[in-house]
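K.L.:
mmCIF, C-alpha atoms, saved as work18.cif, coming up:
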```cif
data_start
#
loop_
_atom_site.label_atom_id
_atom_site.label_comp_id
_atom_site.auth_asym_id
_atom_site.auth_seq_id
_atom_site.Cartn_x
_atom_site.Cartn_y
_atom_site.Cartn_z
CA MET A 1 -71.41 76.28 101.94
CA GLU A 2 -70.47 72.63 102.37
CA LEU A 3 -73.41 70.29 101.76
CA SER A 4 -73.88 67.70 104.44
CA PRO A 5 -75.07 64.16 103.70
CA ARG A 6 -78.42 65.13 105.21
CA ASP A 7 -78.72 68.11 102.86
CA LEU A 8 -78.02 65.79 99.92
CA GLU A 9 -80.62 63.34 101.14
CA LEU A 10 -83.20 66.09 101.38
CA LEU A 11 -82.34 67.49 97.93
CA ALA A 12 -82.54 64.00 96.45
CA LEU A 13 -86.03 63.50 97.88
CA LEU A 14 -87.09 66.93 96.68
CA GLU A 15 -86.16 66.04 93.10
CA ASP A 16 -89.44 64.12 92.95
CA GLY A 17 -91.29 67.26 93.99
CA LEU A 18 -92.84 68.40 97.23
CA PRO A 19 -95.69 66.04 98.20
CA LEU A 20 -99.06 67.69 97.63
CA VAL A 21 -100.39 67.14 101.14
CA PRO A 22 -101.30 69.66 103.86
CA ARG A 23 -97.99 69.27 105.72
CA PRO A 24 -95.52 68.49 102.92
CA TYR A 25 -92.35 69.28 104.89
CA ALA A 26 -93.36 66.81 107.59
CA ALA A 27 -94.09 64.22 104.89
CA LEU A 28 -90.72 64.82 103.26
CA GLY A 29 -88.97 64.58 106.62
CA GLY A 30 -90.77 61.32 107.37
CA ARG A 31 -88.99 59.77 104.41
CA CYS A 32 -85.50 60.74 105.58
CA GLY A 33 -85.71 60.75 109.35
CA MET A 34 -86.03 64.50 109.90
CA ASP A 35 -88.76 66.39 111.65
CA GLU A 36 -90.70 69.16 109.96
CA ALA A 37 -88.72 71.96 111.60
CA GLU A 38 -85.40 70.51 110.46
CA VAL A 39 -86.61 70.17 106.85
CA ILE A 40 -87.78 73.79 106.79
CA ALA A 41 -84.60 75.04 108.46
CA ARG A 42 -82.36 73.16 106.01
CA LEU A 43 -84.30 74.38 102.98
CA ARG A 44 -84.14 77.94 104.27
CA ARG A 45 -80.38 77.67 104.74
CA LEU A 46 -79.87 76.17 101.26
CA LEU A 47 -81.87 79.05 99.78
CA GLU A 48 -79.99 81.70 101.76
CA ALA A 49 -76.66 80.17 100.76
CA GLY A 50 -77.72 80.22 97.10
CA VAL A 51 -77.42 76.47 96.63
CA ILE A 52 -81.12 76.50 95.75
CA ARG A 53 -81.64 79.17 93.11
CA ARG A 54 -85.41 79.11 93.33
CA PHE A 55 -88.01 77.10 95.15
CA GLY A 56 -91.54 76.88 93.86
CA LEU A 57 -93.76 75.75 91.01
CA ILE A 58 -91.84 74.37 88.07
CA LEU A 59 -93.88 74.72 84.89
CA ARG A 60 -93.77 73.00 81.56
CA HIS A 61 -93.83 75.89 79.14
CA ARG A 62 -94.80 73.73 76.16
CA ARG A 63 -98.02 72.84 77.90
CA LEU A 64 -98.77 76.52 78.30
CA GLY A 65 -98.66 77.04 74.54
CA TYR A 66 -95.06 78.29 74.36
CA ARG A 67 -93.94 76.20 71.42
CA ALA A 68 -91.62 78.57 69.58
CA ASN A 69 -88.59 78.13 71.78
CA ALA A 70 -85.33 79.47 70.43
CA MET A 71 -81.87 78.90 71.74
CA VAL A 72 -79.78 81.79 70.42
CA VAL A 73 -76.00 81.60 70.48
CA TRP A 74 -73.31 84.09 69.55
CA ASP A 75 -69.55 83.91 69.29
CA VAL A 76 -68.59 87.01 71.24
CA PRO A 77 -65.03 88.14 72.03
CA ASP A 78 -64.46 87.11 75.64
CA VAL A 79 -63.85 90.65 76.82
CA ARG A 80 -67.30 91.68 75.62
CA VAL A 81 -69.36 88.77 76.94
CA ARG A 82 -70.36 90.21 80.30
CA GLU A 83 -71.47 93.54 78.96
CA ALA A 84 -73.51 91.85 76.22
CA ALA A 85 -75.06 89.47 78.76
CA ARG A 86 -75.97 92.37 81.04
CA ILE A 87 -77.92 93.98 78.21
CA LEU A 88 -79.59 90.70 77.18
CA CYS A 89 -80.71 90.02 80.76
CA ALA A 90 -82.45 93.38 80.91
CA LEU A 91 -84.71 92.37 78.02
CA PRO A 92 -88.01 91.04 79.39
CA PHE A 93 -88.33 88.25 76.80
CA VAL A 94 -84.93 86.68 77.54
CA THR A 95 -85.65 83.88 80.01
CA LEU A 96 -82.18 82.38 80.36
CA CYS A 97 -78.74 83.76 79.62
CA TYR A 98 -75.41 82.13 80.15
CA ARG A 99 -71.86 81.79 78.99
CA ARG A 100 -70.60 78.34 78.01
CA ARG A 101 -67.24 76.93 77.06
CA ARG A 102 -66.56 76.95 73.32
CA HIS A 103 -66.03 73.66 71.51
CA PRO A 104 -64.16 73.17 68.20
CA ALA A 105 -67.42 71.90 66.68
CA TRP A 106 -69.47 74.69 68.27
CA PRO A 107 -67.50 77.92 68.67
CA TYR A 108 -70.23 79.90 70.45
CA ASN A 109 -69.90 81.22 73.97
CA LEU A 110 -72.99 83.34 74.73
CA TYR A 111 -76.39 81.66 74.98
CA CYS A 112 -79.88 82.89 75.62
CA MET A 113 -83.35 81.39 75.45
CA ILE A 114 -86.43 83.12 74.10
CA HIS A 115 -89.78 81.39 74.55
CA GLY A 116 -92.78 82.42 72.51
CA ARG A 117 -96.01 81.16 71.09
CA GLU A 118 -95.18 81.97 67.45
CA ARG A 119 -91.92 82.01 65.53
CA SER A 120 -92.08 85.36 63.81
CA PRO A 121 -92.26 87.50 66.97
CA VAL A 122 -89.49 85.38 68.47
CA LEU A 123 -87.30 86.06 65.42
CA GLU A 124 -88.01 89.77 65.78
CA GLN A 125 -86.97 89.55 69.42
CA VAL A 126 -83.76 87.77 68.39
CA ASP A 127 -82.95 90.72 66.10
CA GLU A 128 -83.87 93.21 68.78
CA ALA A 129 -81.62 91.43 71.28
CA THR A 130 -78.77 91.28 68.76
CA ARG A 131 -79.01 95.02 68.09
CA ALA A 132 -79.46 95.99 71.73
CA ALA A 133 -76.37 94.07 72.82
CA GLY A 134 -74.30 95.31 69.86
CA LEU A 135 -73.83 91.80 68.50
CA GLU A 136 -74.58 92.55 64.83
CA GLY A 137 -72.06 91.00 62.49
CA LEU A 138 -70.90 88.40 64.98
CA PRO A 139 -71.44 84.69 64.23
CA ARG A 140 -74.90 83.72 65.45
CA GLN A 141 -77.22 80.73 65.32
CA VAL A 142 -80.91 80.49 66.17
CA LEU A 143 -82.03 76.95 67.01
CA PHE A 144 -85.73 76.35 67.45
CA SER A 145 -86.71 73.26 69.35
CA ARG A 146 -88.71 70.75 67.39
CA ARG A 147 -89.41 67.68 69.47
CA CYS A 148 -89.14 67.32 73.19
CA PHE A 149 -87.94 63.80 73.94
CA LYS A 150 -87.66 64.33 77.67
CA GLN A 151 -88.17 67.12 80.14
CA THR A 152 -87.93 66.40 83.82
CA GLY A 153 -86.30 68.12 86.72
CA ALA A 154 -82.55 67.80 87.12
CA ARG A 155 -81.64 64.67 89.03
CA TYR A 156 -78.37 65.49 90.69
CA PHE A 157 -78.75 63.32 93.73
CA SER A 158 -81.48 60.75 93.38
CA THR A 159 -79.23 59.01 90.85
CA ILE A 160 -76.63 58.68 93.58
CA ARG A 161 -77.90 55.17 94.29
CA ASN A 162 -76.64 54.13 90.82
CA SER A 163 -73.22 55.54 91.55
CA LEU A 164 -73.08 53.77 94.88
CA ARG A 165 -74.14 50.53 93.26
CA GLU A 166 -71.47 50.87 90.60
CA ALA A 167 -68.85 51.63 93.20
CA ALA A 168 -69.91 48.54 95.11
CA ASP A 169 -69.80 46.43 91.94
CA ALA A 170 -66.34 47.71 91.10
CA ALA A 171 -64.97 47.08 94.58
CA PRO A 172 -62.58 44.12 94.87
CA GLY A 173 -64.34 41.05 96.13
CA ALA A 174 -67.76 42.41 95.22
CA MET B 1 -105.13 80.46 77.73
CA ASP B 2 -108.89 81.03 77.97
CA GLY B 3 -109.54 78.16 80.35
CA PHE B 4 -107.46 79.65 83.13
CA ASP B 5 -109.31 81.58 85.72
CA ARG B 6 -107.76 84.34 87.72
CA VAL B 7 -106.88 82.16 90.70
CA ARG B 8 -104.99 79.71 88.53
CA ARG B 9 -103.08 82.51 86.89
CA ARG B 10 -102.06 83.94 90.21
CA LEU B 11 -101.07 80.54 91.49
CA LEU B 12 -98.87 80.00 88.42
CA ASP B 13 -97.46 83.52 88.38
CA ASP B 14 -96.83 84.17 92.04
CA PHE B 15 -95.41 80.92 93.36
CA GLN B 16 -92.64 79.98 90.94
CA LYS B 17 -90.27 81.31 93.55
CA ASP B 18 -90.47 82.09 97.24
CA PHE B 19 -92.76 79.15 97.88
CA PRO B 20 -93.83 79.46 101.54
CA LEU B 21 -91.49 77.70 103.98
CA ASP B 22 -94.34 77.35 106.44
CA PRO B 23 -95.52 74.06 107.94
CA ARG B 24 -98.79 74.58 106.05
CA PRO B 25 -97.61 76.21 102.80
CA PHE B 26 -100.80 75.47 100.87
CA ARG B 27 -102.87 77.19 103.55
CA VAL B 28 -100.59 80.26 103.27
CA ILE B 29 -101.05 80.25 99.48
CA GLY B 30 -104.80 79.87 99.91
CA GLU B 31 -104.91 82.85 102.23
CA ARG B 32 -103.17 84.97 99.62
CA LEU B 33 -105.44 83.77 96.81
CA GLY B 34 -108.63 83.82 98.84
CA ILE B 35 -109.30 80.09 98.60
CA SER B 36 -109.01 77.20 101.03
CA GLU B 37 -106.01 74.95 101.58
CA ASP B 38 -107.94 72.04 100.06
CA GLU B 39 -108.76 74.08 96.98
CA VAL B 40 -105.08 74.95 96.50
CA LEU B 41 -104.14 71.28 96.74
CA ASP B 42 -106.90 70.26 94.32
CA LEU B 43 -105.84 72.92 91.85
CA LEU B 44 -102.18 71.91 92.03
CA CYS B 45 -103.04 68.23 91.55
CA GLU B 46 -105.12 69.14 88.53
CA LEU B 47 -102.36 71.34 87.05
CA GLN B 48 -99.86 68.56 87.62
CA GLU B 49 -102.11 65.96 86.03
CA SER B 50 -102.67 68.12 82.97
CA GLY B 51 -98.91 68.60 82.69
CA VAL B 52 -98.80 72.38 83.18
CA VAL B 53 -96.99 72.04 86.52
CA ASP B 54 -94.14 69.57 86.57
CA ARG B 55 -93.71 69.75 90.34
CA VAL B 56 -93.13 72.00 93.30
CA GLY B 57 -89.40 71.82 93.64
CA ALA B 58 -85.99 73.37 93.88
CA VAL B 59 -83.84 74.62 91.02
CA LEU B 60 -80.22 74.37 92.08
CA GLU B 61 -77.42 76.76 91.27
CA PRO B 62 -75.12 74.96 88.82
CA GLY B 63 -71.67 74.30 90.11
CA ARG B 64 -72.70 74.57 93.75
CA ALA B 65 -73.77 70.97 94.05
CA GLY B 66 -73.20 68.06 91.73
CA ALA B 67 -72.02 68.33 88.13
CA SER B 68 -73.91 69.19 84.95
CA THR B 69 -73.41 70.15 81.35
CA LEU B 70 -75.26 70.96 78.16
CA ALA B 71 -74.38 68.44 75.46
CA ALA B 72 -75.12 68.16 71.77
CA MET B 73 -74.82 65.53 69.04
CA ARG B 74 -74.95 65.50 65.28
CA VAL B 75 -77.25 62.51 64.75
CA PRO B 76 -78.09 61.17 61.27
CA PRO B 77 -81.85 61.81 60.87
CA GLU B 78 -82.68 58.13 60.43
CA MET B 79 -81.00 57.37 63.77
CA LEU B 80 -82.50 60.26 65.70
CA GLU B 81 -85.42 58.42 67.25
CA GLY B 82 -83.29 55.59 68.56
CA VAL B 83 -80.41 57.73 69.79
CA ALA B 84 -82.81 60.15 71.49
CA ALA B 85 -84.54 57.29 73.28
CA PHE B 86 -81.18 55.89 74.41
CA VAL B 87 -80.06 59.30 75.70
CA SER B 88 -83.40 59.81 77.49
CA SER B 89 -83.07 56.43 79.17
CA PHE B 90 -80.38 57.80 81.50
CA PRO B 91 -81.92 59.21 84.68
CA GLU B 92 -79.07 61.74 84.62
CA VAL B 93 -80.51 63.30 81.44
CA ASN B 94 -83.27 65.76 82.27
CA HIS B 95 -83.85 67.84 79.14
CA ASN B 96 -83.54 66.25 75.73
CA TYR B 97 -84.66 68.17 72.65
CA GLN B 98 -84.41 67.97 68.91
CA ARG B 99 -83.34 71.36 67.57
CA GLU B 100 -83.41 72.52 63.98
CA HIS B 101 -79.76 72.32 63.03
CA GLU B 102 -77.27 69.75 61.73
CA ILE B 103 -76.30 69.38 65.36
CA ASN B 104 -79.77 68.22 66.16
CA LEU B 105 -79.91 66.55 69.56
CA TRP B 106 -79.46 68.75 72.63
CA PHE B 107 -79.62 67.56 76.20
CA VAL B 108 -78.66 68.48 79.74
CA ALA B 109 -77.04 65.88 81.97
CA THR B 110 -76.60 66.19 85.72
CA ALA B 111 -74.95 63.86 88.20
CA PRO B 112 -73.85 63.88 91.82
CA THR B 113 -70.16 63.83 90.83
CA PRO B 114 -68.05 64.83 87.81
CA GLN B 115 -66.95 61.19 87.55
CA ARG B 116 -70.51 59.96 87.17
CA LEU B 117 -71.25 62.69 84.61
CA ARG B 118 -68.14 61.59 82.67
CA ALA B 119 -69.31 57.96 82.74
CA VAL B 120 -72.76 58.88 81.37
CA LEU B 121 -71.39 61.01 78.51
CA ASP B 122 -68.78 58.37 77.65
CA ALA B 123 -71.44 55.66 77.61
CA ILE B 124 -73.58 57.72 75.25
CA SER B 125 -70.79 58.39 72.75
CA TYR B 126 -69.43 54.84 72.99
CA ARG B 127 -72.77 53.11 72.52
CA THR B 128 -74.00 55.38 69.72
CA GLY B 129 -70.66 55.89 67.97
CA ILE B 130 -71.45 59.62 67.80
CA PRO B 131 -69.21 62.18 69.52
CA VAL B 132 -70.85 64.14 72.33
CA ILE B 133 -70.09 67.85 72.16
CA GLU B 134 -69.82 69.07 75.75
CA LEU B 135 -70.74 72.67 76.44
CA PRO B 136 -70.32 73.22 80.17
CA LEU B 137 -71.49 76.38 81.85
CA VAL B 138 -68.91 79.06 82.51
CA GLU B 139 -71.15 81.71 84.02
CA ALA B 140 -74.90 82.07 84.52
CA PHE B 141 -76.21 85.59 84.02
CA ARG B 142 -79.87 84.70 84.33
CA LEU B 143 -80.79 81.18 85.09
CA ASP B 144 -84.29 79.96 85.60
CA LEU B 145 -85.80 82.65 87.76
CA GLY B 146 -89.17 81.30 86.82
CA PHE B 147 -91.10 81.80 83.68
CA PRO B 148 -92.83 85.14 83.04
CA LEU B 149 -96.23 84.31 81.63
CA SER B 150 -98.04 86.68 79.33
CA TRP B 151 -101.75 86.10 79.59
CA SER B 152 -103.34 87.03 76.32
#
```
Rewrite the structure of this file - the entire thing - as structure tokens.

P.N.:
Amino acid sequence: MELSPRDLELLALLEDGLPLVPRPYAALGGRCGMDEAEVIARLRRLLEAGVIRRFGLILRHRRLGYRANAMVVWDVPDVRVREAARILCALPFVTLCYRRRRHPAWPYNLYCMIHGRERSPVLEQVDEATRAAGLEGLPRQVLFSRRCFKQTGARYFSTIRNSLREAADAAPGA
Amino acid sequence: MDGFDRVRRRLLDDFQKDFPLDPRPFRVIGERLGISEDEVLDLLCELQESGVVDRVGAVLEPGRAGASTLAAMRVPPEMLEGVAAFVSSFPEVNHNYQREHEINLWFVATAPTPQRLRAVLDAISYRTGIPVIELPLVEAFRLDLGFPLSWS
């Protein structure tokens, strides 16, 4: 699905969160020249097309007492990544799972996140996940988070103003 | 988790996805939870103020719109505070964590275009003198489908 400029405008506004007022879609539309029905229809289409992966409450897990947050990475032969990921995703305590490009300084390609309240059960879950997915003996790292310097929603589009400004500054005669 | 009553739990559990696309979504939620629209709004404001709820919003599929990557840096401990603050100062950076490893600063950067993402990462490595290890997504198997809460 090709995103139209109006879709981008709506997504940019939504990065600040849905206004907490009785008719939030009308309020959102009022800020970008759309009526309520158009806002709802566009959001529905973006969800159906899979551009929006989920729409709803976005929580801060640290505030809920989940402070033992481990990023677990393995270096898995490429042919085995998908099968291992399928098994990891079936585990209820794995909240995120993805494959990333390797880097010479960081040769790992399979990532998952496990959030818990205490470290020791999280470490047990890491071992359980490793065994379940047949990843014993492969290079692995477990990185607990220590300090959170920043956690906000992704800002894909509301930063677009900066890019436009830079483009304008760089333009000849500007 | 003792302070949470049942309504709050259900609000937090049930509406991380499939938020009602109804002109009056908070009334729809209230009907499901057995409380009024105003009570839903009050509760959400309170949860947002206390920092439990960041916002009601959309999580986008990576690669479908804009550009993003996970990035990491090996920052000398005495520089960590300053480098972290510099990295956080970019609106394009949304998650920025210290992790327990020699490679100790981990962040996610997102931008409307790959060019803008490139400019942000280049600015960070140029200004700090520390290489930025870029770890872009190849495939998401499970990506932010909401957070399963266990209420103990």

K.L.:
Which neighbours of B:Asp14 fall inside 10 Å, counting all atoms listed in the file, when residues of the same chain fewer than 4 positions from it are skipped, and could you give them as a list in words?

P.N.:
Gly56 and Leu57 of chain A; Arg8, Arg9, Arg10, Asp18, Phe19, Ile29, Arg32, Leu33, Gly146 and Pro148 of chain B

K.L.:
Could you please take those selected residues and save C-alpha atoms as a PDB file, in the coordinates of the input?

P.N.:
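Printed below is out23.pdb as written:
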```
ATOM      1  CA  GLY A  56     -91.540  76.880  93.860  1.00  0.00           C
ATOM      2  CA  LEU A  57     -93.760  75.750  91.010  1.00  0.00           C
TER       3      LEU A  57
ATOM      4  CA  ARG B   8    -104.990  79.710  88.530  1.00  0.00           C
ATOM      5  CA  ARG B   9    -103.080  82.510  86.890  1.00  0.00           C
ATOM      6  CA  ARG B  10    -102.060  83.940  90.210  1.00  0.00           C
ATOM      7  CA  ASP B  18     -90.470  82.090  97.240  1.00  0.00           C
ATOM      8  CA  PHE B  19     -92.760  79.150  97.880  1.00  0.00           C
ATOM      9  CA  ILE B  29    -101.050  80.250  99.480  1.00  0.00           C
ATOM     10  CA  ARG B  32    -103.170  84.970  99.620  1.00  0.00           C
ATOM     11  CA  LEU B  33    -105.440  83.770  96.810  1.00  0.00           C
ATOM     12  CA  GLY B 146     -89.170  81.300  86.820  1.00  0.00           C
ATOM     13  CA  PRO B 148     -92.830  85.140  83.040  1.00  0.00           C
TER      14      PRO B 148
END
```

K.L.:
Could you please select, counting all atoms listed in the file, the residues of chain B within 7 Å of chain A and state them as number ranges by chain?

P.N.:
B: 15-19, 21, 23-24, 26, 41, 51-61, 64, 66, 84, 88, 91-92, 94-101, 110-112, 116, 135-145, 147

K.L.:
Using all atoms listed in the file, which residue out of B:Ser36, B:Asp22, B:Arg27, B:Ala119 lies closest to A:Glu38?

P.N.:
B:Asp22

K.L.:
Written as an MDAnalysis selection string, which residues does the PyMOL selection byres ((chain A and resi 74) around 6) give for the file shown?

P.N.:
chainID A and resid 73 75:76 108 110 139:140

K.L.:
Which polymer residues have any atom within 7 Å of an atom of B:Ala72, counting only C-alpha atoms, with same-chain residues fewer than 4 positions away left out, as a list in words?

P.N.:
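Counting only the stated atoms, we get Ile103, Leu105, Trp106, Phe107, Val132, Ile133 and Glu134 of chain B.
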
K.L.:
At what distance in Å, to one decimal, does atom CA of B:Leu70 lie from atom CA of B:Ala109?

P.N.:
6.6 Å

K.L.:
Determine the nearest neighbour of A:Arg131 from the options A:Val81, A:Leu10, A:Ile87, A:Ala27, counting all atoms listed in the file.

P.N.:
A:Ile87

K.L.:
Just to confirm, what's the straight-line distance from atom CA of A:Leu123 to atom CA of A:Arg80 in Å (one decimal)?

P.N.:
23.1 Å

K.L.:
Return the padded bounding box of stretch 119-134 of chain A as JSON: axis-aligned, built from all atoms listed in the file, 5 Å added on each side, with centre and edge lengths in Å to one decimal.

P.N.:
```
{"center_x": -83.3, "center_y": 89.0, "center_z": 68.3, "size_x": 28.0, "size_y": 24.0, "size_z": 19.0}
```

K.L.:
What is the distance between atom CA of B:Glu78 and atom CA of B:Leu117, in Å to one decimal?

P.N.:
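Answer for the atom CA of B:Glu78 to atom CA of B:Leu117 separation: 27.1 Å.
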
K.L.:
Which is closest to B:Gln48 among B:Leu12, B:Val87, B:Val75, B:Val108, if we use all atoms listed in the file?

P.N.:
B:Leu12
